[in-house]
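As provided, input-v1.tsv (TSV, C-alpha atoms) reads as follows.
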```
chain	number	residue	atom	x	y	z
F	1388	MET	CA	12.78	159.93	147.76
F	1389	GLN	CA	11.11	156.73	146.64
F	1390	ASP	CA	7.42	156.01	147.29
F	1391	ALA	CA	8.29	153.34	149.84
F	1392	GLU	CA	10.31	155.87	151.82
F	1393	PHE	CA	7.59	158.50	151.55
F	1394	SER	CA	4.87	156.08	152.69
F	1395	LYS	CA	7.05	154.97	155.58
F	1396	THR	CA	6.20	158.21	157.40
F	1397	SER	CA	2.74	156.75	158.07
F	1398	THR	CA	4.25	154.95	161.05
F	1399	THR	CA	5.26	158.24	162.70
F	1400	TRP	CA	2.76	159.44	165.28
F	1401	ALA	CA	0.86	156.15	164.80
F	1402	SER	CA	1.03	155.32	168.48
F	1403	SER	CA	1.94	158.63	170.16
F	1404	ALA	CA	1.95	162.37	169.57
F	1405	ASP	CA	5.67	162.89	168.96
F	1406	ALA	CA	5.60	166.01	166.79
F	1407	ASN	CA	8.68	167.19	168.64
F	1408	SER	CA	9.94	167.42	172.20
F	1409	ASP	CA	8.58	170.95	172.57
F	1410	LEU	CA	5.04	170.01	171.62
F	1411	ALA	CA	4.44	166.66	173.32
F	1412	GLU	CA	5.92	164.17	175.71
F	1413	ALA	CA	6.50	160.62	174.59
F	1414	ASN	CA	3.76	159.21	176.77
F	1415	VAL	CA	2.56	155.68	176.29
F	1416	ILE	CA	-0.74	155.58	174.41
F	1417	VAL	CA	-3.33	153.50	176.21
F	1418	SER	CA	-5.30	151.31	173.83
F	1419	LYS	CA	-8.54	151.38	175.83
F	1420	LEU	CA	-9.83	153.71	178.52
F	1421	SER	CA	-12.46	152.99	181.14
F	1422	ASP	CA	-15.57	155.12	181.43
F	1423	GLU	CA	-14.16	156.82	184.52
F	1424	ALA	CA	-10.85	157.63	182.81
F	1425	LEU	CA	-12.75	159.00	179.80
F	1426	LEU	CA	-14.84	161.17	182.12
F	1427	LYS	CA	-11.70	162.45	183.82
F	1428	MET	CA	-10.17	163.22	180.41
F	1429	GLU	CA	-13.36	165.07	179.45
F	1430	VAL	CA	-13.04	167.20	182.60
F	1431	ILE	CA	-9.39	167.96	181.84
F	1432	GLN	CA	-10.37	169.00	178.31
F	1433	SER	CA	-13.13	171.20	179.73
F	1434	LEU	CA	-10.60	172.95	181.94
F	1435	LEU	CA	-8.29	173.38	178.95
F	1436	GLU	CA	-11.11	174.70	176.83
F	1437	ASN	CA	-12.08	177.35	179.37
F	1438	SER	CA	-8.56	178.33	180.35
F	1439	ASP	CA	-6.61	181.33	179.20
F	1440	ALA	CA	-5.13	180.20	175.89
F	1441	TYR	CA	-1.93	182.14	176.51
F	1442	GLY	CA	-1.35	181.69	180.25
F	1443	GLY	CA	-1.35	178.81	182.73
F	1444	LEU	CA	-4.59	177.42	184.03
F	1445	ARG	CA	-3.79	178.61	187.54
F	1446	GLN	CA	-3.46	182.22	186.38
F	1447	ARG	CA	-7.12	182.54	185.49
F	1448	THR	CA	-9.37	184.35	187.95
F	1449	THR	CA	-12.23	181.99	187.15
F	1450	TYR	CA	-10.20	178.84	187.75
F	1451	THR	CA	-11.82	178.19	191.15
F	1452	GLN	CA	-15.28	178.29	189.58
F	1453	LYS	CA	-14.19	175.93	186.81
F	1454	LEU	CA	-12.80	173.56	189.41
F	1455	LYS	CA	-16.13	173.56	191.22
F	1456	GLU	CA	-17.94	172.70	187.98
F	1457	ALA	CA	-15.42	169.93	187.30
F	1458	ALA	CA	-15.84	168.58	190.82
F	1459	GLU	CA	-19.62	168.48	190.40
F	1460	LYS	CA	-19.29	166.63	187.12
F	1461	LEU	CA	-16.96	164.03	188.63
F	1462	GLY	CA	-18.87	163.85	191.88
F	1463	LYS	CA	-15.71	164.56	193.83
F	1464	SER	CA	-14.34	167.35	196.04
F	1465	VAL	CA	-12.49	170.35	194.62
F	1466	ARG	CA	-9.37	169.14	196.43
F	1467	THR	CA	-9.59	165.79	194.64
F	1468	VAL	CA	-9.95	167.51	191.27
F	1469	ARG	CA	-6.92	169.68	192.06
F	1470	ARG	CA	-4.94	166.52	192.76
F	1471	LEU	CA	-6.21	165.03	189.50
F	1472	VAL	CA	-5.04	168.09	187.53
F	1473	ASP	CA	-1.66	168.02	189.28
F	1474	LYS	CA	-1.33	164.33	188.51
F	1475	TRP	CA	-2.11	164.93	184.84
F	1476	GLU	CA	0.38	167.81	184.67
F	1477	ASN	CA	3.11	165.65	186.20
F	1478	GLU	CA	2.36	162.27	184.62
F	1479	GLY	CA	0.27	163.03	181.55
F	1480	LEU	CA	-2.44	160.60	180.51
F	1481	ALA	CA	-0.88	157.82	182.56
F	1482	GLY	CA	-2.02	159.67	185.67
F	1483	LEU	CA	-5.65	159.15	184.65
F	1484	VAL	CA	-5.44	155.40	184.04
F	1485	GLN	CA	-3.29	154.04	186.85
F	1486	ASN	CA	-4.57	151.42	189.25
F	1487	GLN	CA	-7.69	150.59	187.26
F	1488	ARG	CA	-9.63	147.41	187.81
F	1489	VAL	CA	-10.27	145.07	184.91
F	1490	ASP	CA	-14.00	145.69	185.18
F	1491	LYS	CA	-13.66	149.44	185.65
F	1492	GLY	CA	-16.08	151.48	183.55
F	1493	LYS	CA	-18.88	148.89	183.52
F	1494	HIS	CA	-22.15	149.48	185.30
F	1495	ARG	CA	-21.77	147.09	188.24
F	1496	VAL	CA	-25.38	147.66	189.22
F	1497	ASP	CA	-28.44	145.57	188.52
F	1498	GLU	CA	-31.10	146.48	185.98
F	1499	ASP	CA	-33.61	147.51	188.67
F	1500	TRP	CA	-31.31	150.27	189.85
F	1501	GLN	CA	-30.62	151.40	186.28
F	1502	GLU	CA	-34.35	151.55	185.59
F	1503	PHE	CA	-34.95	153.49	188.84
F	1504	VAL	CA	-32.22	156.02	188.00
F	1505	LEU	CA	-33.47	156.66	184.48
F	1506	LYS	CA	-37.13	156.81	185.50
F	1507	THR	CA	-36.37	159.23	188.35
F	1508	TYR	CA	-34.52	161.59	186.03
F	1509	LYS	CA	-37.21	161.47	183.33
F	1510	GLU	CA	-40.02	162.05	185.82
F	1511	GLY	CA	-38.04	164.84	187.47
F	1512	ASN	CA	-37.63	166.69	184.18
F	1513	LYS	CA	-41.14	166.46	182.80
F	1514	GLY	CA	-42.82	169.67	181.73
F	1515	SER	CA	-41.50	172.62	183.71
F	1516	LYS	CA	-39.87	170.42	186.38
F	1517	ARG	CA	-36.06	170.25	186.57
F	1518	MET	CA	-33.95	167.68	188.40
F	1519	THR	CA	-30.15	167.46	188.41
F	1520	ARG	CA	-27.99	164.33	188.45
F	1521	GLN	CA	-27.02	165.05	192.06
F	1522	GLN	CA	-30.69	165.19	193.06
F	1523	VAL	CA	-31.25	161.85	191.34
F	1524	PHE	CA	-28.42	160.36	193.38
F	1525	ILE	CA	-30.04	161.68	196.58
F	1526	ARG	CA	-33.27	159.90	195.57
F	1527	VAL	CA	-31.28	156.73	194.88
F	1528	LYS	CA	-29.61	156.93	198.28
F	1529	ALA	CA	-32.94	157.47	200.01
F	1530	ARG	CA	-34.42	154.47	198.18
F	1531	ALA	CA	-31.46	152.31	199.21
F	1532	ASP	CA	-31.92	153.34	202.84
F	1533	GLU	CA	-35.56	152.24	202.63
F	1534	LEU	CA	-34.53	148.86	201.27
F	1535	GLY	CA	-31.60	148.49	203.67
F	1536	VAL	CA	-29.07	147.99	200.87
F	1537	LYS	CA	-25.94	149.77	199.69
F	1538	PRO	CA	-26.75	152.36	196.98
F	1539	PRO	CA	-24.87	152.69	193.68
F	1540	SER	CA	-22.13	155.34	193.85
F	1541	HIS	CA	-22.76	158.81	192.53
F	1542	MET	CA	-20.28	158.10	189.69
F	1543	THR	CA	-22.33	155.07	188.64
F	1544	VAL	CA	-25.54	157.12	188.73
F	1545	TYR	CA	-23.88	159.83	186.61
F	1546	ARG	CA	-22.63	157.27	184.07
F	1547	ILE	CA	-26.09	155.73	183.75
F	1548	LEU	CA	-27.61	159.17	183.14
F	1549	GLN	CA	-24.99	160.58	180.77
F	1550	PRO	CA	-26.23	158.88	177.54
F	1551	LEU	CA	-29.78	160.05	178.29
F	1552	ILE	CA	-28.63	163.61	179.02
F	1553	ASP	CA	-26.56	163.66	175.81
F	1554	LYS	CA	-29.57	162.47	173.81
F	1555	ILE	CA	-31.81	165.16	175.30
F	1556	GLU	CA	-29.27	167.91	174.65
F	1557	GLN	CA	-28.78	166.76	171.06
F	1558	ALA	CA	-32.54	166.86	170.49
F	1559	LYS	CA	-32.59	170.47	171.74
F	1560	SER	CA	-29.80	171.54	169.40
F	1561	ILE	CA	-30.67	173.83	166.56
F	1562	ARG	CA	-29.09	174.33	163.18
F	1563	SER	CA	-25.63	175.88	163.29
F	1564	PRO	CA	-25.79	179.68	163.00
F	1565	GLY	CA	-23.06	179.44	160.35
F	1566	TRP	CA	-21.68	182.60	158.80
F	1567	ARG	CA	-22.75	185.95	160.25
F	1568	GLY	CA	-21.12	188.46	157.97
F	1569	SER	CA	-17.41	187.71	158.21
F	1570	ARG	CA	-17.76	185.66	161.41
F	1571	LEU	CA	-18.41	181.98	161.61
F	1572	SER	CA	-20.10	179.97	164.32
F	1573	VAL	CA	-20.21	176.17	164.35
F	1574	LYS	CA	-22.26	173.90	166.60
F	1575	THR	CA	-20.87	170.79	168.26
F	1576	ARG	CA	-22.71	167.54	168.83
F	1577	ASP	CA	-22.94	168.28	172.55
F	1578	GLY	CA	-24.75	171.57	171.90
F	1579	LYS	CA	-21.91	174.10	172.15
F	1580	ASP	CA	-21.52	177.05	169.77
F	1581	LEU	CA	-17.91	177.75	168.79
F	1582	GLN	CA	-17.59	181.40	167.78
F	1583	ILE	CA	-14.60	181.54	165.43
F	1584	GLU	CA	-12.77	184.82	165.92
F	1585	HIS	CA	-9.10	184.25	165.10
F	1586	SER	CA	-6.61	181.96	163.38
F	1587	ASN	CA	-5.62	178.62	164.94
F	1588	GLN	CA	-8.74	178.69	167.08
F	1589	VAL	CA	-10.77	175.98	165.32
F	1590	TRP	CA	-9.25	173.50	162.88
F	1591	GLN	CA	-11.28	171.04	160.85
F	1592	CYS	CA	-10.17	167.76	159.27
F	1593	ASP	CA	-11.55	165.35	156.67
F	1594	HIS	CA	-10.50	162.72	154.11
F	1595	THR	CA	-11.12	162.04	150.43
F	1596	LEU	CA	-10.05	159.35	147.98
F	1597	VAL	CA	-8.13	161.15	145.23
F	1598	ASP	CA	-9.46	160.45	141.72
F	1599	VAL	CA	-6.02	159.74	140.26
F	1600	LEU	CA	-4.48	156.32	139.65
F	1601	LEU	CA	-0.85	156.15	140.75
F	1602	VAL	CA	2.02	153.82	139.81
F	1603	ASP	CA	5.11	152.58	141.60
F	1604	GLN	CA	8.67	153.47	140.56
F	1605	HIS	CA	8.56	150.72	137.94
F	1606	GLY	CA	5.35	151.96	136.33
F	1607	LYS	CA	3.06	149.29	137.81
F	1608	ILE	CA	-0.41	150.59	138.66
F	1609	LEU	CA	-1.04	150.69	142.40
F	1610	SER	CA	-4.26	152.44	143.41
F	1611	ARG	CA	-5.79	155.80	144.24
F	1612	PRO	CA	-4.33	157.49	147.32
F	1613	TRP	CA	-6.17	159.00	150.28
F	1614	LEU	CA	-5.82	162.71	151.02
F	1615	THR	CA	-6.38	164.08	154.52
F	1616	THR	CA	-6.51	167.86	154.98
F	1617	VAL	CA	-6.51	170.10	158.05
F	1618	ILE	CA	-8.26	173.45	157.53
F	1619	ASP	CA	-8.18	176.60	159.66
F	1620	SER	CA	-11.82	177.64	160.00
F	1621	TYR	CA	-11.08	181.37	160.39
F	1622	SER	CA	-8.98	181.81	157.24
F	1623	ARG	CA	-9.85	178.63	155.32
F	1624	CYS	CA	-6.12	178.07	154.85
F	1625	ILE	CA	-5.04	174.49	154.32
F	1626	MET	CA	-2.83	174.03	157.39
F	1627	GLY	CA	-1.49	170.57	156.63
F	1628	ILE	CA	-2.07	167.35	154.72
F	1629	ASN	CA	-1.33	163.65	154.64
F	1630	LEU	CA	-1.22	161.83	151.30
F	1631	GLY	CA	-0.82	158.05	151.23
F	1632	TYR	CA	-2.36	154.67	150.56
F	1633	ASP	CA	-3.53	154.03	154.13
F	1634	ALA	CA	-7.29	154.30	154.63
F	1635	PRO	CA	-8.57	156.91	157.14
F	1636	SER	CA	-7.65	156.12	160.74
F	1637	SER	CA	-6.62	157.95	163.89
F	1638	GLN	CA	-2.99	157.34	162.87
F	1639	VAL	CA	-3.58	159.08	159.52
F	1640	VAL	CA	-5.29	161.99	161.30
F	1641	ALA	CA	-2.31	162.24	163.66
F	1642	LEU	CA	0.06	162.49	160.69
F	1643	ALA	CA	-2.01	165.26	159.10
F	1644	LEU	CA	-2.11	167.09	162.43
F	1645	ARG	CA	1.65	166.73	162.81
F	1646	HIS	CA	2.17	168.29	159.38
F	1647	ALA	CA	-0.26	171.12	160.19
F	1648	ILE	CA	1.32	171.88	163.57
F	1649	LEU	CA	5.00	171.96	162.58
F	1650	PRO	CA	6.72	174.59	160.40
F	1651	LYS	CA	7.02	173.32	156.82
F	1652	GLN	CA	10.13	173.55	154.67
F	1653	TYR	CA	10.52	172.20	151.13
F	1654	GLY	CA	13.50	171.80	148.83
F	1655	SER	CA	14.03	173.22	145.36
F	1656	GLU	CA	12.52	170.10	143.75
F	1657	TYR	CA	9.07	171.41	144.74
F	1658	GLY	CA	9.56	174.57	142.67
F	1659	LEU	CA	7.69	176.78	145.13
F	1660	ASN	CA	7.32	180.53	144.65
F	1661	GLU	CA	5.89	181.07	148.13
F	1662	GLU	CA	6.34	179.49	151.55
F	1663	TRP	CA	3.61	177.40	153.16
F	1664	GLY	CA	4.08	179.53	156.26
F	1665	THR	CA	1.34	178.15	158.51
F	1666	SER	CA	1.96	176.31	161.78
F	1667	GLY	CA	0.95	176.31	165.45
F	1668	LEU	CA	-1.57	174.55	167.67
F	1669	PRO	CA	-5.36	174.72	167.50
F	1670	GLN	CA	-7.56	175.32	170.51
F	1671	HIS	CA	-10.39	173.21	169.07
F	1672	PHE	CA	-10.41	170.29	166.60
F	1673	TYR	CA	-13.80	170.03	164.85
F	1674	THR	CA	-14.63	166.91	162.82
F	1675	ASP	CA	-17.38	164.56	161.73
F	1676	GLY	CA	-18.31	161.52	163.79
F	1677	GLY	CA	-16.19	158.92	161.99
F	1678	LYS	CA	-14.56	156.32	164.20
F	1679	ASP	CA	-11.12	157.71	163.36
F	1680	PHE	CA	-12.16	161.02	164.94
F	1681	ARG	CA	-13.90	159.37	167.91
F	1682	SER	CA	-10.88	157.25	168.85
F	1683	ASN	CA	-9.17	157.29	172.24
F	1684	HIS	CA	-5.90	157.83	170.38
F	1685	LEU	CA	-6.99	161.22	169.01
F	1686	GLN	CA	-8.53	162.26	172.34
F	1687	GLN	CA	-5.23	161.49	174.06
F	1688	ILE	CA	-3.28	163.55	171.53
F	1689	GLY	CA	-5.66	166.42	172.23
F	1690	VAL	CA	-5.06	166.16	175.98
F	1691	GLN	CA	-1.30	165.94	175.51
F	1692	LEU	CA	-1.06	168.90	173.13
F	1693	GLY	CA	-3.76	171.03	174.74
F	1694	PHE	CA	-6.63	171.17	172.25
F	1695	VAL	CA	-10.23	170.04	172.64
F	1696	CYS	CA	-11.87	167.58	170.23
F	1697	HIS	CA	-15.44	168.24	169.08
F	1698	LEU	CA	-17.78	166.37	166.74
F	1699	ARG	CA	-19.99	168.21	164.24
F	1700	ASP	CA	-23.65	168.49	165.13
F	1701	ARG	CA	-24.69	167.40	161.64
F	1702	PRO	CA	-22.97	166.48	158.33
F	1703	SER	CA	-24.09	169.68	156.57
F	1704	GLU	CA	-21.73	171.68	158.79
F	1705	GLY	CA	-18.65	170.23	157.10
F	1706	GLY	CA	-18.71	172.58	154.11
F	1707	SER	CA	-15.57	174.49	155.06
F	1708	VAL	CA	-13.41	171.37	155.10
F	1709	GLU	CA	-15.13	169.57	152.20
F	1710	ARG	CA	-15.12	172.48	149.74
F	1711	PRO	CA	-11.33	172.41	149.16
F	1712	PHE	CA	-11.64	168.81	147.93
F	1713	LYS	CA	-13.95	169.97	145.12
F	1714	THR	CA	-11.56	172.77	144.21
F	1715	LEU	CA	-8.57	170.43	144.21
F	1716	ASN	CA	-10.44	167.94	142.05
F	1717	THR	CA	-11.58	170.55	139.52
F	1718	GLU	CA	-8.38	172.57	139.25
F	1719	LEU	CA	-5.64	170.01	139.86
F	1720	PHE	CA	-6.53	166.32	139.88
F	1721	SER	CA	-8.74	166.46	136.77
F	1722	THR	CA	-5.81	167.90	134.78
F	1723	LEU	CA	-3.46	165.00	135.57
F	1724	GLN	CA	-2.77	161.80	133.68
F	1725	GLY	CA	-4.45	158.85	135.32
F	1726	TYR	CA	-7.50	160.90	136.38
F	1727	THR	CA	-10.41	158.53	136.94
F	1728	GLY	CA	-13.28	160.88	137.67
F	1729	SER	CA	-15.47	160.46	140.73
F	1730	ASN	CA	-17.82	157.94	139.07
F	1731	VAL	CA	-16.15	154.54	138.79
F	1732	GLN	CA	-18.74	153.33	136.27
F	1733	GLU	CA	-17.92	156.26	133.99
F	1734	ARG	CA	-14.16	155.97	134.41
F	1735	PRO	CA	-12.29	157.08	131.29
F	1736	GLU	CA	-10.87	154.14	129.37
F	1737	GLU	CA	-7.52	155.87	129.11
F	1738	ALA	CA	-7.15	156.34	132.88
F	1739	GLU	CA	-5.15	153.15	133.44
F	1740	LYS	CA	-3.23	153.55	130.17
F	1741	GLU	CA	-2.17	157.09	131.00
F	1742	ALA	CA	-1.40	156.55	134.68
F	1743	CYS	CA	2.23	157.48	135.23
F	1744	LEU	CA	2.49	159.54	138.40
F	1745	THR	CA	4.07	158.21	141.59
F	1746	LEU	CA	2.90	159.14	145.05
F	1747	ARG	CA	5.95	161.35	145.47
F	1748	GLN	CA	5.27	163.23	142.23
F	1749	LEU	CA	1.62	163.80	143.11
F	1750	GLU	CA	2.63	165.05	146.56
F	1751	GLN	CA	4.97	167.60	144.99
F	1752	MET	CA	2.24	168.84	142.65
F	1753	LEU	CA	-0.27	169.01	145.49
F	1754	VAL	CA	2.07	170.97	147.76
F	1755	ARG	CA	2.89	173.39	144.96
F	1756	TYR	CA	-0.80	173.97	144.21
F	1757	ILE	CA	-1.68	174.57	147.89
F	1758	VAL	CA	1.27	176.86	148.64
F	1759	ASP	CA	1.39	178.93	145.45
F	1760	ASN	CA	-2.29	178.88	144.52
F	1761	TYR	CA	-4.94	177.83	147.01
F	1762	ASN	CA	-3.63	179.53	150.16
F	1763	GLN	CA	-2.61	182.62	148.17
F	1764	ARG	CA	-6.06	183.08	146.62
F	1765	LEU	CA	-8.80	185.48	147.69
F	1766	ASP	CA	-11.72	183.73	149.34
F	1767	ALA	CA	-15.20	184.99	148.43
F	1768	ARG	CA	-16.06	185.47	152.11
F	1769	MET	CA	-12.73	186.97	153.14
F	1770	GLY	CA	-12.96	190.35	151.37
F	1771	ASP	CA	-9.66	191.66	150.04
F	1772	GLN	CA	-7.36	189.24	151.90
F	1773	THR	CA	-5.92	186.02	150.58
F	1774	ARG	CA	-6.41	182.97	152.76
F	1775	PHE	CA	-2.81	183.15	153.95
F	1776	GLN	CA	-3.03	186.90	154.62
F	1777	ARG	CA	-6.17	186.36	156.69
F	1778	TRP	CA	-4.50	183.53	158.62
F	1779	GLU	CA	-1.40	185.64	159.31
F	1780	SER	CA	-3.41	188.73	160.28
F	1781	GLY	CA	-5.77	186.69	162.43
F	1782	LEU	CA	-3.05	185.28	164.68
F	1783	ILE	CA	-3.11	186.32	168.31
F	1784	ALA	CA	0.15	188.09	169.20
F	1785	GLU	CA	1.49	185.31	171.42
F	1786	TYR	CA	1.17	182.81	168.53
F	1787	LYS	CA	3.21	184.87	166.07
```

For this file, write the structure as C-alpha cells.
Amino acid sequence: MQDAEFSKTSTTWASSADANSDLAEANVIVSKLSDEALLKMEVIQSLLENSDAYGGLRQRTTYTQKLKEAAEKLGKSVRTVRRLVDKWENEGLAGLVQNQRVDKGKHRVDEDWQEFVLKTYKEGNKGSKRMTRQQVFIRVKARADELGVKPPSHMTVYRILQPLIDKIEQAKSIRSPGWRGSRLSVKTRDGKDLQIEHSNQVWQCDHTLVDVLLVDQHGKILSRPWLTTVIDSYSRCIMGINLGYDAPSSQVVALALRHAILPKQYGSEYGLNEEWGTSGLPQHFYTDGGKDFRSNHLQQIGVQLGFVCHLRDRPSEGGSVERPFKTLNTELFSTLQGYTGSNVQERPEEAEKEACLTLRQLEQMLVRYIVDNYNQRLDARMGDQTRFQRWESGLIAEYK
C-alpha cells in the first residue's frame, strides 16, 4: 500500500463514529451544540456512567434514583427525563438537538440578574452555610415577584451557576491518589476518582511528534509524523494507534479509537510472531484538556458508543499514557535511519541524508514492536504478568 493510500484512512471517522454497524449508528454529527443540549448530553453520559456495564439501563435497581438526580440537574420532571432518554435511544444525538432556537444556549438575562444569582450562591455558601442551585432559583423567583417581573428560568439560573460550581469543585480537588499497590486511581477535572479495577474500564489517549524524518515513495523528504496512542490503564497495554501527518484533532483521536476498539488483523508483510489481540469498548476515556479532547465531536462519539469522556485533573496524571512514548523513542525510533532526536537544535547532521523510511514502513515497524515486544513485556507494576496477559486476565466475562 502506498503512503497516499495509507494516509487516506484519516478521512474515516472524521465526521462520524462508523467503526462498524454493530458499534455505532451513522448519525449525523452536529458541528455545534447549545448549552442546553450539552447539559442533556452530560446527563445521558452520567446515566451511562452509573449504569450496569453489562445490562440495559432499565435493568438496574438504582435507575429510579439516578433518574431523580438527572431530573434535578436538568430542572425537569422525572417523566421528562424518561422521555429524553427514550428519545436518545430511538434517535441518537439528533434527539437532543432538534427544534433548537438560533440563540439557544446563551444567557438571555440581563447582567443584574446574573450578578444577583452569583451573589446569592456565594453568600449562601459562606463558612458553614450551604445553598443548592434550586434554593438559589427560589430566591430569584421571590425577588422577581417583589419586582413584579418574570424571573429567569431555572435552567438559566443553573447555567449561570455551573462555571462557578465547577471552579469551586476544582479548587477542592486533591492530588490523584495514584497507585495503591497494584490498583490505580485517577482523578478527573470535575473531582471524581476513577478506581481502575479491570481491563477496558479506563482508556487514556495522547499524541507525540515522532522523531523520525520520513520520505515519500520517490525518496523525497516529507516531515515527521504524529503518533496517537490509546492505552488501557489497568494493563498498560497499547490498545490502538494512529500514525500519520495530520496534526492532533478530534478526527485523529477518532481514528485511534477506531483502531483500539476493533479486532486487529495483519498480513504476513508485518512479520508478526504474536497477535495484537486487544479490542472492545472502554467505559471511560481519560485525557488531557487539549481542544481535540474537549470537542463536541468526541463527546458525541462517546454518547453514541456508550463511554464517558473525562479530563485529567492535572498534567502530572498523564504518566501512564506518556511513558510509552519515551520507551518507543528509546528502543525503536532512535535506532532508525532519519532519527532526528527530540532537540531540533541538536539534530544530527546525517538525519536528512539518512532518511529513507516511508510512512507505511514505519507503521509496519511500529506495529511489530508493539505486538511482539511492548505488549508482551512484563511491566514493573504488574508482577509476573505481561501487559497483554494482564489485559486478557482483567477482562470481565461478558467482554471476552

Point to revise | F:Leu1425, F:Gln1501, F:Gln1588, F:Gln1748 ranked by distance to Ser1682 in chain F, top pick (using only C-alpha atoms) | key: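 When distances to Ser1682 in chain F are compared using only C-alpha atoms, the smallest one comes from F:Leu1425.
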
Point to revise | Residue with smallest distance to Lys1713 in chain F - pool F:Val1690, F:Asn1512, F:Val1597, F:Arg1466, counting only C-alpha atoms | key: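 Of the candidates, the smallest distance to Lys1713 in chain F is held by F:Val1597.
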
Review point. Given the choices F:Lys1460, F:His1684, F:Lys1651, F:His1594, which gets closest to Gly1631 in chain F if the distance is worked out from only C-alpha atoms?
Key: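 Under the stated criterion, the closest residue is F:His1594.
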
Review point. What does the distance from CA of His1646 in chain F to CA of Asn1629 in chain F come to in Å, to one decimal?
Key: 7.5 Å

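Taking CA of Asp1619 in chain F and CA of Thr1717 in chain F as the two end points, the separation is 21.3 Å.
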
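Considering all atoms listed in the file, the residue among F:Arg1699, F:Thr1543, F:Leu1601, F:Glu1741 positioned nearest to Trp1613 in chain F is F:Leu1601.
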
Point to revise | Straight-line distance linking CA of Asp1679 in chain F with CA of Val1640 in chain F, stated in Å to one decimal | key: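 About the pair CA of Asp1679 in chain F and CA of Val1640 in chain F: they are 7.5 Å apart.
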
So which residues touch Val1430 in chain F within 10 Å, counting all atoms listed in the file, skipping near sequence neighbours fewer than 3 positions away, as a tab-separated table (two decimals) with C-alpha atoms, in the frame of the given file?
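Produced file part_7.tsv, reproduced below:
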```
chain	number	residue	atom	x	y	z
F	1424	ALA	CA	-10.85	157.63	182.81
F	1425	LEU	CA	-12.75	159.00	179.80
F	1426	LEU	CA	-14.84	161.17	182.12
F	1427	LYS	CA	-11.70	162.45	183.82
F	1433	SER	CA	-13.13	171.20	179.73
F	1434	LEU	CA	-10.60	172.95	181.94
F	1435	LEU	CA	-8.29	173.38	178.95
F	1436	GLU	CA	-11.11	174.70	176.83
F	1453	LYS	CA	-14.19	175.93	186.81
F	1454	LEU	CA	-12.80	173.56	189.41
F	1456	GLU	CA	-17.94	172.70	187.98
F	1457	ALA	CA	-15.42	169.93	187.30
F	1458	ALA	CA	-15.84	168.58	190.82
F	1460	LYS	CA	-19.29	166.63	187.12
F	1461	LEU	CA	-16.96	164.03	188.63
F	1468	VAL	CA	-9.95	167.51	191.27
F	1471	LEU	CA	-6.21	165.03	189.50
F	1472	VAL	CA	-5.04	168.09	187.53
```

Check your understanding: Counting only C-alpha atoms, which residues come within 9 Å of (-5.1, 156.3, 151.7), with the point read in the file's coordinates, and could you list them as a ChimeraX atom specification?
Key -> /F:1594-1597,1611-1615,1629-1635,1639

Which neighbours of Thr1575 in chain F fall inside 8 Å, counting all atoms listed in the file, when residues of the same chain fewer than 6 positions from it are skipped, and could you give them as a PDB file with C-alpha atoms, keeping the file's coordinate frame?
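Once written, around.pdb looks like this:
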```
ATOM      1  CA  LEU F1581     -17.910 177.750 168.790  1.00  0.00           C
ATOM      2  CA  TYR F1673     -13.800 170.030 164.850  1.00  0.00           C
ATOM      3  CA  HIS F1697     -15.440 168.240 169.080  1.00  0.00           C
ATOM      4  CA  LEU F1698     -17.780 166.370 166.740  1.00  0.00           C
ATOM      5  CA  ARG F1699     -19.990 168.210 164.240  1.00  0.00           C
ATOM      6  CA  ASP F1700     -23.650 168.490 165.130  1.00  0.00           C
TER       7      ASP F1700
END
```

Review point. With all atoms listed in the file as the basis for distance, which of F:Asp1593, F:Asp1532, F:Asp1497, F:Glu1656 is at the shortest distance from Ile1625 in chain F?
Key: F:Asp1593

**Study point:** Nearest-residue call for Gln1670 in chain F, choices F:Leu1723, F:Val1589, F:Ile1431, F:Leu1749, using all atoms listed in the file
**Key:**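 Distance minimum relative to Gln1670 in chain F lands on F:Val1589.
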
Check your understanding: Val1544 in chain F: which residues within 12 Å, counting all atoms listed in the file, same-chain residues fewer than 6 positions away excluded, as an NGL selection string?
Key -> :F and (1460-1462 or 1493-1497 or 1500-1505 or 1507-1508 or 1519-1528 or 1538 or 1550-1551)

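Near Gln1751 in chain F, within 7 Å and counting all atoms listed in the file, sit Tyr1657, Arg1747 and Arg1755 of chain F, not including residues fewer than 4 positions from it in the same chain.
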